[in-house]
$ cat work-v1.cif   # mmCIF, C-alpha atoms
data_protein
#
loop_
_atom_site.label_atom_id
_atom_site.label_comp_id
_atom_site.auth_asym_id
_atom_site.auth_seq_id
_atom_site.Cartn_x
_atom_site.Cartn_y
_atom_site.Cartn_z
CA MET A 70 37.08 0.17 -88.53
CA SER A 71 35.24 -2.91 -87.29
CA GLU A 72 31.54 -2.60 -86.54
CA VAL A 73 30.58 -2.27 -82.88
CA LEU A 74 27.79 -4.75 -82.28
CA SER A 75 24.81 -3.99 -80.07
CA ILE A 76 23.99 -6.29 -77.15
CA GLU A 77 21.14 -7.76 -79.21
CA GLN A 78 23.41 -8.48 -82.19
CA THR A 79 26.07 -10.03 -79.97
CA ILE A 80 23.51 -12.25 -78.25
CA SER A 81 22.00 -13.29 -81.59
CA GLU A 82 25.41 -14.33 -82.96
CA GLN A 83 26.18 -16.21 -79.76
CA PHE A 84 22.84 -18.03 -79.92
CA GLN A 85 23.39 -19.31 -83.46
CA GLN A 86 26.69 -20.88 -82.48
CA TRP A 87 25.47 -22.17 -79.12
CA ALA A 88 22.22 -23.69 -80.39
CA GLY A 89 24.04 -25.41 -83.26
CA GLN A 90 26.36 -27.10 -80.77
CA HIS A 91 23.68 -28.25 -78.32
CA PHE A 92 20.56 -29.08 -80.36
CA ALA A 93 19.85 -31.01 -83.55
CA ASP A 94 18.05 -29.13 -86.33
CA GLU A 95 14.89 -31.24 -85.83
CA SER A 96 14.84 -30.64 -82.06
CA PRO A 97 11.49 -29.28 -80.77
CA LEU A 98 13.40 -27.39 -78.10
CA LYS A 99 15.62 -25.75 -80.69
CA ALA A 100 12.55 -24.55 -82.58
CA LEU A 101 11.10 -23.13 -79.36
CA LYS A 102 14.41 -21.46 -78.51
CA THR A 103 14.85 -20.01 -81.98
CA GLY A 104 11.39 -18.48 -81.75
CA ALA A 105 12.23 -16.97 -78.35
CA LEU A 106 15.47 -15.49 -79.70
CA GLU A 107 13.60 -13.95 -82.63
CA GLN A 108 11.09 -12.39 -80.21
CA PHE A 109 13.96 -11.09 -78.10
CA SER A 110 15.66 -9.56 -81.15
CA THR A 111 12.43 -7.80 -82.09
CA LEU A 112 11.73 -6.60 -78.55
CA GLY A 113 15.32 -5.73 -77.65
CA MET A 114 16.79 -5.00 -74.27
CA PRO A 115 14.84 -2.49 -72.14
CA ALA A 116 15.37 1.01 -73.50
CA PRO A 117 17.04 3.66 -71.32
CA LYS A 118 13.73 5.52 -70.99
CA SER A 119 11.63 2.40 -70.33
CA GLU A 120 9.12 3.18 -67.57
CA ALA A 121 9.44 -0.34 -66.15
CA TYR A 122 13.20 0.17 -65.72
CA LYS A 123 13.11 3.87 -64.86
CA TYR A 124 15.25 3.50 -61.74
CA THR A 125 17.27 0.53 -62.99
CA PRO A 126 18.91 1.23 -66.39
CA ILE A 127 19.58 -2.45 -66.89
CA SER A 128 20.88 -2.40 -70.47
CA ARG A 129 23.52 0.22 -69.72
CA ILE A 130 24.59 -1.51 -66.50
CA LEU A 131 24.92 -4.98 -68.03
CA GLY A 132 26.48 -3.66 -71.24
CA LYS A 133 29.32 -2.19 -69.22
CA GLN A 134 29.82 -5.25 -67.03
CA PHE A 135 29.49 -8.25 -69.35
CA ASN A 136 30.68 -9.63 -72.63
CA PHE A 137 27.63 -11.53 -73.80
CA ALA A 138 29.69 -13.44 -76.35
CA ALA A 139 31.89 -15.05 -73.67
CA GLU A 140 31.60 -18.75 -72.89
CA THR A 141 30.82 -19.72 -69.30
CA THR A 142 33.76 -21.49 -67.66
CA PRO A 143 33.15 -25.16 -66.83
CA ALA A 144 32.19 -25.57 -63.18
CA SER A 145 34.68 -26.65 -60.55
CA PHE A 146 32.23 -27.81 -57.88
CA SER A 147 32.42 -31.37 -56.61
CA LYS A 148 29.50 -33.42 -55.39
CA ALA A 149 30.81 -33.04 -51.83
CA ASP A 150 31.06 -29.26 -52.27
CA CYS A 151 27.41 -29.07 -53.21
CA GLN A 152 25.96 -31.55 -50.75
CA SER A 153 27.78 -29.90 -47.84
CA GLN A 154 25.45 -26.92 -48.35
CA PHE A 155 22.23 -28.93 -48.16
CA TYR A 156 19.77 -28.17 -45.39
CA GLN A 157 19.97 -30.98 -42.84
CA ILE A 158 16.59 -32.42 -43.72
CA ALA A 159 16.74 -36.05 -44.82
CA ASP A 160 13.09 -36.44 -45.78
CA ALA A 161 13.19 -33.84 -48.56
CA ASN A 162 14.31 -33.40 -52.15
CA HIS A 163 17.60 -31.58 -52.69
CA LEU A 164 18.09 -30.52 -56.32
CA VAL A 165 21.39 -29.08 -57.58
CA PHE A 166 22.12 -26.70 -60.45
CA VAL A 167 25.76 -26.08 -61.37
CA ASN A 168 26.38 -23.06 -63.59
CA GLY A 169 22.75 -23.04 -64.59
CA LEU A 170 22.57 -26.76 -65.46
CA PHE A 171 20.59 -29.30 -63.44
CA ASN A 172 22.91 -32.01 -62.07
CA GLU A 173 20.95 -35.12 -61.14
CA GLU A 174 24.06 -36.94 -59.90
CA TYR A 175 24.69 -34.28 -57.25
CA SER A 176 21.01 -34.18 -56.24
CA THR A 177 19.11 -36.27 -53.69
CA ILE A 178 15.54 -37.20 -54.56
CA VAL A 179 13.31 -38.98 -52.04
CA SER A 180 9.84 -38.38 -53.48
CA PRO A 181 8.44 -41.29 -55.49
CA SER A 182 7.74 -40.41 -59.10
CA SER A 183 4.07 -41.21 -58.45
CA ASP A 184 4.00 -38.14 -56.16
CA LEU A 185 6.46 -35.78 -57.81
CA THR A 186 7.91 -35.99 -61.30
CA ILE A 187 11.40 -34.46 -61.57
CA ARG A 188 12.80 -34.37 -65.10
CA VAL A 189 15.46 -32.59 -67.07
CA LEU A 190 13.76 -30.24 -69.55
CA ASP A 191 14.94 -31.85 -72.78
CA ASP A 192 13.41 -33.13 -76.03
CA GLN A 193 12.62 -36.51 -74.48
CA ALA A 194 10.68 -34.84 -71.65
CA LEU A 195 8.66 -32.89 -74.22
CA LYS A 196 7.72 -36.17 -75.91
CA GLU A 197 6.81 -37.97 -72.68
CA HIS A 198 4.90 -35.13 -71.00
CA SER A 199 2.38 -33.53 -73.31
CA ASP A 200 1.73 -30.65 -70.92
CA ILE A 201 5.30 -29.30 -71.17
CA PRO A 202 4.89 -27.84 -74.71
CA GLN A 203 1.60 -26.31 -73.54
CA LEU A 204 3.24 -24.65 -70.50
CA LEU A 205 6.86 -23.87 -71.33
CA GLY A 206 7.22 -20.18 -72.09
CA LYS A 207 3.45 -19.76 -72.38
CA THR A 208 2.63 -17.77 -69.22
CA SER A 209 1.18 -14.33 -69.95
CA HIS A 210 3.68 -11.42 -70.11
CA ILE A 211 6.68 -13.61 -70.90
CA GLU A 212 6.58 -12.40 -74.49
CA THR A 213 7.11 -8.82 -73.30
CA ASP A 214 9.99 -9.58 -70.91
CA ALA A 215 13.35 -9.49 -72.68
CA PHE A 216 15.06 -11.48 -69.95
CA ALA A 217 12.39 -14.18 -69.88
CA LEU A 218 12.90 -14.58 -73.63
CA LEU A 219 16.68 -14.70 -73.15
CA ASN A 220 16.28 -17.48 -70.62
CA LEU A 221 13.90 -19.40 -72.89
CA ALA A 222 16.44 -19.15 -75.71
CA PHE A 223 19.53 -20.11 -73.68
CA PHE A 224 18.46 -22.39 -70.84
CA ASN A 225 19.99 -25.86 -70.99
CA GLN A 226 19.12 -28.70 -68.61
CA GLY A 227 16.41 -26.89 -66.73
CA ILE A 228 14.00 -28.98 -64.69
CA TYR A 229 10.33 -29.88 -64.85
CA LEU A 230 8.50 -30.59 -61.59
CA LYS A 231 5.01 -32.10 -61.66
CA ALA A 232 3.14 -32.49 -58.38
CA ALA A 233 0.67 -35.33 -58.86
CA LYS A 234 -3.05 -34.95 -58.27
CA ASN A 235 -4.03 -34.68 -54.58
CA LYS A 236 -0.49 -35.44 -53.35
CA ASP A 237 0.94 -33.58 -50.34
CA ASN A 238 4.59 -33.49 -51.35
CA LYS A 239 7.80 -33.38 -49.37
CA ASP A 240 9.68 -30.09 -49.24
CA THR A 241 11.90 -29.48 -52.27
CA PHE A 242 15.14 -27.49 -51.98
CA ILE A 243 16.88 -26.11 -55.06
CA TYR A 244 20.52 -25.03 -54.81
CA HIS A 245 22.36 -23.05 -57.48
CA PHE A 246 26.15 -23.17 -57.58
CA ILE A 247 27.82 -20.59 -59.83
CA ASP A 248 31.53 -20.44 -60.63
CA GLY A 249 32.54 -16.79 -60.60
CA THR A 250 36.30 -17.39 -60.77
CA ALA A 251 36.38 -16.43 -64.47
CA LYS A 252 35.05 -13.23 -66.04
CA ASP A 253 31.62 -13.00 -67.68
CA ALA A 254 29.94 -16.02 -66.11
CA ILE A 255 26.34 -15.89 -67.38
CA VAL A 256 23.87 -18.61 -66.39
CA TYR A 257 20.24 -19.30 -67.37
CA PRO A 258 18.60 -21.72 -64.90
CA ARG A 259 14.95 -22.58 -65.55
CA ILE A 260 12.33 -24.31 -63.42
CA LEU A 261 8.92 -25.32 -64.79
CA VAL A 262 6.31 -26.44 -62.24
CA SER A 263 2.96 -28.07 -62.87
CA SER A 264 0.91 -28.38 -59.67
CA GLU A 265 -1.95 -30.71 -60.49
CA THR A 266 -5.42 -30.57 -58.96
CA GLY A 267 -5.37 -30.73 -55.15
CA SER A 268 -1.58 -31.05 -54.84
CA ARG A 269 0.66 -29.36 -52.25
CA LEU A 270 4.27 -28.38 -52.94
CA ASN A 271 6.73 -26.17 -51.04
CA ILE A 272 9.90 -25.11 -52.89
CA PHE A 273 12.92 -23.29 -51.45
CA GLU A 274 15.72 -21.86 -53.55
CA LYS A 275 19.10 -20.28 -52.82
CA THR A 276 22.38 -19.64 -54.59
CA PHE A 277 26.08 -20.12 -53.77
CA ILE A 278 28.74 -18.28 -55.77
CA ARG A 279 32.47 -19.03 -55.82
CA GLY A 280 34.96 -16.37 -56.93
CA GLU A 281 35.01 -12.59 -57.08
CA GLN A 282 34.44 -11.98 -60.80
CA ASN A 283 31.15 -10.54 -62.00
CA THR A 284 28.39 -13.06 -62.60
CA LEU A 285 24.99 -12.68 -64.24
CA ASN A 286 22.09 -14.93 -63.28
CA VAL A 287 19.08 -14.78 -65.64
CA SER A 288 16.65 -17.24 -64.06
CA ILE A 289 13.00 -18.13 -64.60
CA PHE A 290 10.52 -19.94 -62.35
CA GLU A 291 7.33 -20.70 -64.28
CA ALA A 292 4.32 -22.35 -62.66
CA ASP A 293 0.87 -23.63 -63.56
CA VAL A 294 -1.17 -23.93 -60.35
CA GLN A 295 -4.24 -26.02 -61.07
CA ALA A 296 -7.59 -26.32 -59.30
CA ASN A 297 -7.38 -26.46 -55.49
CA ALA A 298 -3.59 -26.83 -55.62
CA GLU A 299 -1.23 -25.00 -53.27
CA LEU A 300 2.26 -23.96 -54.34
CA ARG A 301 4.74 -22.08 -52.15
CA TYR A 302 8.01 -20.70 -53.48
CA THR A 303 10.66 -19.08 -51.29
CA LYS A 304 13.88 -17.55 -52.61
CA ILE A 305 16.90 -16.26 -50.68
CA GLN A 306 19.07 -13.76 -52.58
CA ASN A 307 22.25 -13.29 -50.54
CA TYR A 308 24.89 -12.96 -53.23
CA LEU A 309 28.33 -11.39 -53.68
CA THR A 310 29.14 -7.76 -54.49
CA GLY A 311 29.90 -8.77 -58.10
CA THR A 312 26.59 -10.57 -58.65
CA TYR A 313 24.01 -9.26 -61.11
CA ALA A 314 20.69 -11.09 -61.18
CA VAL A 315 17.55 -10.69 -63.27
CA GLU A 316 15.11 -13.27 -61.96
CA GLY A 317 11.56 -13.93 -63.11
CA ILE A 318 8.65 -15.63 -61.36
CA TYR A 319 5.62 -16.35 -63.56
CA ALA A 320 2.48 -18.15 -62.42
CA THR A 321 -1.03 -18.85 -63.68
CA GLN A 322 -3.69 -19.88 -61.18
CA LYS A 323 -6.78 -22.01 -61.75
CA LYS A 324 -9.98 -22.33 -59.67
CA ASP A 325 -9.59 -22.45 -55.86
CA SER A 326 -5.77 -22.49 -56.04
CA ARG A 327 -3.30 -20.80 -53.71
CA PHE A 328 0.11 -19.45 -54.69
CA TYR A 329 2.66 -17.92 -52.31
CA THR A 330 5.92 -16.21 -53.23
CA ASN A 331 8.48 -15.15 -50.62
CA THR A 332 11.53 -13.21 -51.83
CA PHE A 333 14.33 -12.21 -49.45
CA SER A 334 17.02 -9.96 -50.94
CA PHE A 335 20.13 -9.07 -48.96
CA LYS A 336 23.26 -8.56 -51.04
CA ALA A 337 24.44 -8.21 -54.66
CA ALA A 338 25.57 -5.55 -57.09
CA LEU A 339 22.12 -5.57 -58.72
CA ILE A 340 18.97 -7.65 -58.35
CA ARG A 341 15.91 -7.20 -60.52
CA ASN A 342 12.91 -9.39 -59.63
CA ASN A 343 10.09 -9.62 -62.18
CA ILE A 344 7.05 -11.31 -60.61
CA TYR A 345 3.84 -11.81 -62.61
CA ILE A 346 0.80 -13.70 -61.34
CA ASN A 347 -2.25 -14.30 -63.51
CA VAL A 348 -5.33 -15.06 -61.39
CA ASP A 349 -7.30 -16.79 -64.11
CA ALA A 350 -10.18 -18.51 -62.28
CA GLU A 351 -12.56 -17.99 -59.37
CA ASN A 352 -11.79 -18.31 -55.65
CA CYS A 353 -8.01 -18.07 -55.95
CA GLU A 354 -5.55 -16.66 -53.44
CA ALA A 355 -2.26 -15.01 -54.42
CA HIS A 356 0.23 -13.97 -51.74
CA MET A 357 3.44 -12.04 -52.45
CA ASN A 358 5.83 -11.28 -49.61
CA GLY A 359 9.25 -9.68 -49.91
CA LEU A 360 12.01 -8.23 -47.76
CA TYR A 361 15.01 -6.31 -49.03
CA GLN A 362 17.58 -5.50 -46.37
CA LEU A 363 20.42 -3.71 -48.08
CA GLY A 364 23.77 -2.10 -47.38
CA GLY A 365 26.84 -0.99 -49.32
CA LYS A 366 25.91 -0.14 -52.92
CA THR A 367 23.44 -2.97 -53.38
CA HIS A 368 20.58 -2.15 -55.77
CA VAL A 369 17.37 -4.22 -55.60
CA ASP A 370 14.38 -3.60 -57.88
CA ASN A 371 11.14 -5.51 -57.28
CA ASN A 372 8.73 -5.28 -60.20
CA THR A 373 5.47 -7.09 -59.47
CA SER A 374 2.14 -7.61 -61.19
CA VAL A 375 -1.06 -9.38 -60.12
CA ASP A 376 -3.64 -9.63 -62.88
CA HIS A 377 -7.14 -10.46 -61.65
CA LEU A 378 -9.00 -11.90 -64.60
CA LYS A 379 -11.91 -13.69 -62.87
CA PRO A 380 -14.28 -12.87 -59.96
CA ASN A 381 -14.23 -13.75 -56.25
CA CYS A 382 -10.46 -13.82 -55.75
CA PHE A 383 -8.04 -12.45 -53.19
CA SER A 384 -4.47 -11.15 -53.42
CA ASN A 385 -2.22 -9.72 -50.76
CA GLU A 386 1.16 -8.17 -51.45
CA LEU A 387 3.55 -7.04 -48.72
CA TYR A 388 7.09 -5.77 -49.40
CA LYS A 389 9.34 -4.23 -46.77
CA GLY A 390 12.72 -2.55 -47.13
CA ILE A 391 15.53 -1.77 -44.69
CA LEU A 392 18.18 0.32 -46.44
CA ASP A 393 21.55 1.45 -45.13
CA GLU A 394 24.73 3.11 -46.47
CA ASN A 395 24.51 3.81 -50.23
CA SER A 396 22.00 1.11 -51.11
CA ARG A 397 18.97 1.62 -53.32
CA GLY A 398 15.60 -0.08 -53.28
CA VAL A 399 12.95 0.09 -55.99
CA PHE A 400 9.38 -1.18 -55.74
CA ASN A 401 7.06 -1.00 -58.73
CA GLY A 402 3.88 -2.95 -57.99
CA LYS A 403 0.80 -3.25 -60.17
CA ILE A 404 -2.62 -4.72 -59.50
CA TYR A 405 -4.99 -5.14 -62.42
CA VAL A 406 -8.68 -5.90 -61.87
CA ARG A 407 -10.35 -6.73 -65.17
CA PRO A 408 -14.05 -6.04 -65.93
CA GLU A 409 -15.05 -9.65 -65.27
CA ALA A 410 -13.21 -9.80 -61.92
CA GLN A 411 -16.04 -8.58 -59.70
CA LYS A 412 -15.81 -9.10 -55.90
CA THR A 413 -12.02 -9.02 -56.00
CA ASN A 414 -10.17 -8.26 -52.76
CA ALA A 415 -6.67 -7.00 -53.55
CA PHE A 416 -4.23 -5.33 -51.20
CA GLN A 417 -0.72 -4.02 -51.71
CA SER A 418 1.69 -2.47 -49.23
CA ASN A 419 5.30 -1.29 -49.45
CA ASN A 420 6.98 -0.01 -46.28
CA ASN A 421 10.58 1.20 -46.00
CA ILE A 422 13.00 2.28 -43.30
CA LEU A 423 16.07 4.30 -44.25
CA LEU A 424 19.00 3.94 -41.84
CA SER A 425 21.29 6.45 -43.55
CA ASP A 426 20.98 9.76 -45.36
CA THR A 427 22.59 8.26 -48.46
CA ALA A 428 20.23 5.29 -48.88
CA THR A 429 17.49 5.71 -51.50
CA VAL A 430 14.11 4.14 -52.16
CA ASN A 431 11.77 4.67 -55.12
CA THR A 432 8.32 3.21 -54.72
CA LYS A 433 5.33 3.21 -57.04
CA PRO A 434 2.32 1.09 -56.02
CA GLN A 435 -0.40 1.11 -58.69
CA LEU A 436 -4.00 -0.01 -59.12
CA GLU A 437 -5.86 -0.30 -62.40
CA ILE A 438 -9.48 -1.30 -61.84
CA TRP A 439 -12.16 -1.88 -64.47
CA ALA A 440 -14.70 -3.54 -62.10
CA ASP A 441 -17.01 -1.72 -59.67
CA ASP A 442 -17.71 -4.32 -56.94
CA VAL A 443 -14.23 -4.72 -55.44
CA LYS A 444 -12.20 -4.01 -52.31
CA CYS A 445 -8.74 -2.80 -53.28
CA SER A 446 -6.11 -0.71 -51.57
CA HIS A 447 -2.46 0.16 -51.93
CA GLY A 448 0.00 2.28 -50.06
CA CYS A 449 3.62 2.95 -49.24
CA THR A 450 5.59 4.48 -46.40
CA THR A 451 9.20 5.60 -46.13
CA GLY A 452 10.80 6.89 -42.97
CA GLN A 453 13.34 6.42 -40.21
CA LEU A 454 13.21 4.49 -36.96
CA ASP A 455 10.90 5.91 -34.31
CA GLU A 456 13.18 7.72 -31.86
CA GLU A 457 10.51 7.72 -29.16
CA ALA A 458 10.25 3.94 -29.35
CA ILE A 459 14.04 3.65 -29.15
CA PHE A 460 14.04 5.96 -26.11
CA TYR A 461 11.35 3.79 -24.48
CA LEU A 462 13.40 0.62 -24.96
CA ARG A 463 16.54 2.31 -23.68
CA SER A 464 14.68 3.45 -20.58
CA ARG A 465 14.04 -0.25 -19.92
CA GLY A 466 17.77 -1.00 -19.83
CA ILE A 467 18.29 -1.96 -23.48
CA ASN A 468 21.24 -0.31 -25.22
CA LYS A 469 20.67 1.72 -28.37
CA LYS A 470 22.15 -0.84 -30.79
CA ARG A 471 20.03 -3.64 -29.35
CA ALA A 472 16.93 -1.43 -29.31
CA LYS A 473 17.33 -0.69 -33.04
CA ALA A 474 17.85 -4.37 -33.79
CA LEU A 475 14.70 -5.35 -31.91
CA MET A 476 12.62 -2.79 -33.76
CA LEU A 477 13.99 -3.76 -37.18
CA ASN A 478 13.51 -7.46 -36.50
CA ALA A 479 9.89 -6.79 -35.55
CA PHE A 480 9.47 -4.71 -38.71
CA ALA A 481 10.85 -7.50 -40.93
CA ASN A 482 9.18 -10.42 -39.17
CA GLU A 483 5.80 -10.04 -40.89
CA THR A 484 7.34 -10.96 -44.26
CA LEU A 485 8.46 -14.38 -42.91
CA GLN A 486 5.04 -15.66 -41.90
CA GLU A 487 4.39 -17.74 -45.04
CA VAL A 488 7.80 -19.46 -45.35
CA LYS A 489 6.58 -22.56 -43.49
CA ASN A 490 9.94 -24.21 -42.82
CA ASP A 491 11.68 -23.74 -39.48
CA LEU A 492 15.25 -24.16 -40.78
CA VAL A 493 14.76 -21.71 -43.64
CA THR A 494 13.02 -19.22 -41.36
CA ALA A 495 15.85 -19.48 -38.83
CA GLU A 496 18.45 -18.91 -41.56
CA ILE A 497 16.67 -15.79 -42.80
CA GLU A 498 16.34 -14.49 -39.25
CA ASP A 499 20.08 -15.05 -38.72
CA ILE A 500 20.92 -13.11 -41.89
CA ILE A 501 18.68 -10.25 -40.80
CA THR A 502 20.24 -10.15 -37.33
CA ASN A 503 23.83 -10.39 -38.63
CA LYS A 504 23.26 -7.54 -41.09
CA LEU A 505 22.02 -5.38 -38.24
CA GLY A 506 25.42 -5.84 -36.60
#
$ encode --input "work-v1.cif" --output "structure tokens"
Amino acid sequence: MSEVLSIEQTISEQFQQWAGQHFADESPLKALKTGALEQFSTLGMPAPKSEAYKYTPISRILGKQFNFAAETTPASFSKADCQSQFYQIADANHLVFVNGLFNEEYSTIVSPSSDLTIRVLDDQALKEHSDIPQLLGKTSHIETDAFALLNLAFFNQGIYLKAAKNKDNKDTFIYHFIDGTAKDAIVYPRILVSSETGSRLNIFEKTFIRGEQNTLNVSIFEADVQANAELRYTKIQNYLTGTYAVEGIYATQKKDSRFYTNTFSFKAALIRNNIYINVDAENCEAHMNGLYQLGGKTHVDNNTSVDHLKPNCFSNELYKGILDENSRGVFNGKIYVRPEAQKTNAFQSNNNILLSDTATVNTKPQLEIWADDVKCSHGCTTGQLDEEAIFYLRSRGINKKRAKALMLNAFANETLQEVKNDLVTAEIEDIITNKLG
């Protein structure tokens, strides 16, 4: 009887063949990737009883749905296919990934390289930009995240964005196109951002999937936000019912910097968001906003962490959920305040509305504080729509369906405040409204 390989063994065998085809033995990237694969093999996929995946048994789910040894089918997207989905903003960068690979030919770049460096993450980029080896895969907690290690091992043609010192950059849109017409499409897109001192950069990301077969998206966004820089990152997750996504956002902040993440999750089979922010200098601001509006059997798990390492910093985390039918939402948020991080202000809130008796939410906000001069709070709420408020609106001539929609739009609206792009905000508002029927 042939041996049944574990997921880890299957992935390891696949990596040896894949890396040999794509990278020379002397490649610095291959050495980095081999090290990541070794760490992954030691760590393994999250165990069934892992506390971090208590409500999302990811290994069992993915093991049933995917053959990790399968080759991803070559993409069938044309340049016209991709560019037809661009936001109609001429004075912006539009960057295209196809099946996890950055495609410069399909992209449109308007920023001068003196303002914003945009490079394929390859061996030549590592030679030309000395900061890449210092940043790539080096953010705290990556070594304990199996999926971040998987991405580091398997990404190919990721991109490196470097916002130049004191430059206020044009908006940058990143589009992912995934071919789900063949079974077991697994992609590993990676984005590495270096925001230099005093720079401003606003990034928006969304994904388009063709075909009804299951797809797995293991993506990583890794950022170094330097002194007095501001980086905003907004992601729209409106996938297909056969989409599985494990997506990581990792950032380290330096003195006086500001980092904003906005995550909007609407549809998929499964979405797991791992978001880790290291506040590693004084006078930083970290803002994390998220909305998950779910129906059907969609399962969304937001796992967040803000680690305050230095004093006089502020973080604010707001996640809201609207859950209908048989959907499930999970929120597991952690705030750490280390002994040195005196005068930290840190706030965390998770609020949920259940629209059906069969929808489920599991929420676990957490604080771990080792400093004594801080202002920190966390809390969560789960409930139904206020019937008295609905009655009030109906008494003013508004029908019940419209009254519910108005209330839910008002509930969700607070999470959109930091998007800072009218077209993207309007698109998210349209998705919210359409899902409310």
$ closest_residue --input "work-v1.cif" --among "A:Pro202, A:Gly466, A:Gly311, A:Gly390" --to "Leu131 in chain A" --atoms "only C-alpha atoms"
A:Gly311
$ closest_residue --input "work-v1.cif" --among "A:Thr312, A:Gln411, A:Asn307, A:Asn381" --to "Lys324 in chain A" --atoms "only C-alpha atoms"
A:Asn381
$ closest_residue --input "work-v1.cif" --among "A:Ala355, A:Leu363, A:Leu378, A:Ile260" --to "Arg301 in chain A" --atoms "all atoms listed in the file"
A:Ala355
$ resolve_selection --input "work-v1.cif" --expression "the PyMOL selection byres ((chain A and resi 251) around 9)" --output "PDB file with C-alpha atoms, in the coordinates of the input"
ATOM      1  CA  THR A 141      30.820 -19.720 -69.300  1.00  0.00           C
ATOM      2  CA  THR A 142      33.760 -21.490 -67.660  1.00  0.00           C
ATOM      3  CA  ASP A 248      31.530 -20.440 -60.630  1.00  0.00           C
ATOM      4  CA  GLY A 249      32.540 -16.790 -60.600  1.00  0.00           C
ATOM      5  CA  THR A 250      36.300 -17.390 -60.770  1.00  0.00           C
ATOM      6  CA  LYS A 252      35.050 -13.230 -66.040  1.00  0.00           C
ATOM      7  CA  ASP A 253      31.620 -13.000 -67.680  1.00  0.00           C
ATOM      8  CA  ALA A 254      29.940 -16.020 -66.110  1.00  0.00           C
ATOM      9  CA  GLY A 280      34.960 -16.370 -56.930  1.00  0.00           C
ATOM     10  CA  GLU A 281      35.010 -12.590 -57.080  1.00  0.00           C
ATOM     11  CA  GLN A 282      34.440 -11.980 -60.800  1.00  0.00           C
ATOM     12  CA  ASN A 283      31.150 -10.540 -62.000  1.00  0.00           C
ATOM     13  CA  THR A 284      28.390 -13.060 -62.600  1.00  0.00           C
TER      14      THR A 284
END
$ closest_residue --input "work-v1.cif" --among "A:Arg397, A:Arg279, A:Arg188, A:Arg259" --to "Phe223 in chain A" --atoms "only C-alpha atoms"
A:Arg259
$ atom_distance --input "work-v1.cif" --atom1 "CA of Val287 in chain A" --atom2 "CA of Ser145 in chain A"
20.3 Å
$ axis_aligned_box --input "work-v1.cif" --around "range 173-186 of chain A" --padding-each-side "5 Å" --output "AutoDock Vina command-line options"
--center_x 14.3 --center_y -37.7 --center_z -56.7 --size_x 30.7 --size_y 17.1 --size_z 19.3
$ resolve_selection --input "work-v1.cif" --expression "the PyMOL selection byres ((chain A and resi 225-241) around 8)" --output "PyMOL selection string"
chain A and resi 160-164+169-171+180+183-191+223-224+242-243+257-273+298
$ residues_around --input "work-v1.cif" --residues "Lys469 in chain A" --least-positions-apart "4" --cutoff "7 Å" --atoms "all atoms listed in the file" --output "compact mmCIF listing (two decimals) with C-alpha atoms, in the coordinates of the input"
# COMPACT_ATOMS: atom_id res chain seq x y z
CA ILE A 459 14.04 3.65 -29.15
CA ARG A 463 16.54 2.31 -23.68
CA LYS A 473 17.33 -0.69 -33.04
$ atom_distance --input "work-v1.cif" --atom1 "CA of Phe277 in chain A" --atom2 "CA of Phe246 in chain A"
4.9 Å
$ residues_around --input "work-v1.cif" --residues "Thr276 in chain A" --least-positions-apart "5" --cutoff "9 Å" --atoms "all atoms listed in the file" --output "PDB file with C-alpha atoms, keeping the file's coordinate frame"
ATOM      1  CA  ILE A 243      16.880 -26.110 -55.060  1.00  0.00           C
ATOM      2  CA  TYR A 244      20.520 -25.030 -54.810  1.00  0.00           C
ATOM      3  CA  HIS A 245      22.360 -23.050 -57.480  1.00  0.00           C
ATOM      4  CA  PHE A 246      26.150 -23.170 -57.580  1.00  0.00           C
ATOM      5  CA  ILE A 247      27.820 -20.590 -59.830  1.00  0.00           C
ATOM      6  CA  LYS A 304      13.880 -17.550 -52.610  1.00  0.00           C
ATOM      7  CA  ILE A 305      16.900 -16.260 -50.680  1.00  0.00           C
ATOM      8  CA  GLN A 306      19.070 -13.760 -52.580  1.00  0.00           C
ATOM      9  CA  ASN A 307      22.250 -13.290 -50.540  1.00  0.00           C
ATOM     10  CA  TYR A 308      24.890 -12.960 -53.230  1.00  0.00           C
TER      11      TYR A 308
END
$ atom_distance --input "work-v1.cif" --atom1 "CA of Thr429 in chain A" --atom2 "CA of Leu392 in chain A"
7.4 Å
$ closest_residue --input "work-v1.cif" --among "A:Lys433, A:Arg129, A:Lys379, A:Lys196" --to "Asp325 in chain A" --atoms "all atoms listed in the file"
A:Lys379
$ closest_residue --input "work-v1.cif" --among "A:Ser288, A:Asn420, A:Asn401, A:Asn503" --to "Glu120 in chain A" --atoms "all atoms listed in the file"
A:Asn401
$ decode --input "work-v1.cif" --residues "range 280-291 of chain A" --atoms "C-alpha atoms" --output "tab-separated table (two decimals), in the first residue's frame"
chain	number	residue	atom	x	y	z
A	280	GLY	CA	-14.46	29.88	-13.22
A	281	GLU	CA	-16.33	27.87	-10.61
A	282	GLN	CA	-13.61	25.49	-9.41
A	283	ASN	CA	-12.14	25.90	-5.94
A	284	THR	CA	-9.28	28.37	-5.66
A	285	LEU	CA	-6.88	29.08	-2.80
A	286	ASN	CA	-5.29	32.50	-2.40
A	287	VAL	CA	-2.39	32.64	0.09
A	288	SER	CA	-1.34	36.29	-0.05
A	289	ILE	CA	0.99	38.50	1.99
A	290	PHE	CA	1.21	42.29	2.27
A	291	GLU	CA	4.33	43.27	4.21
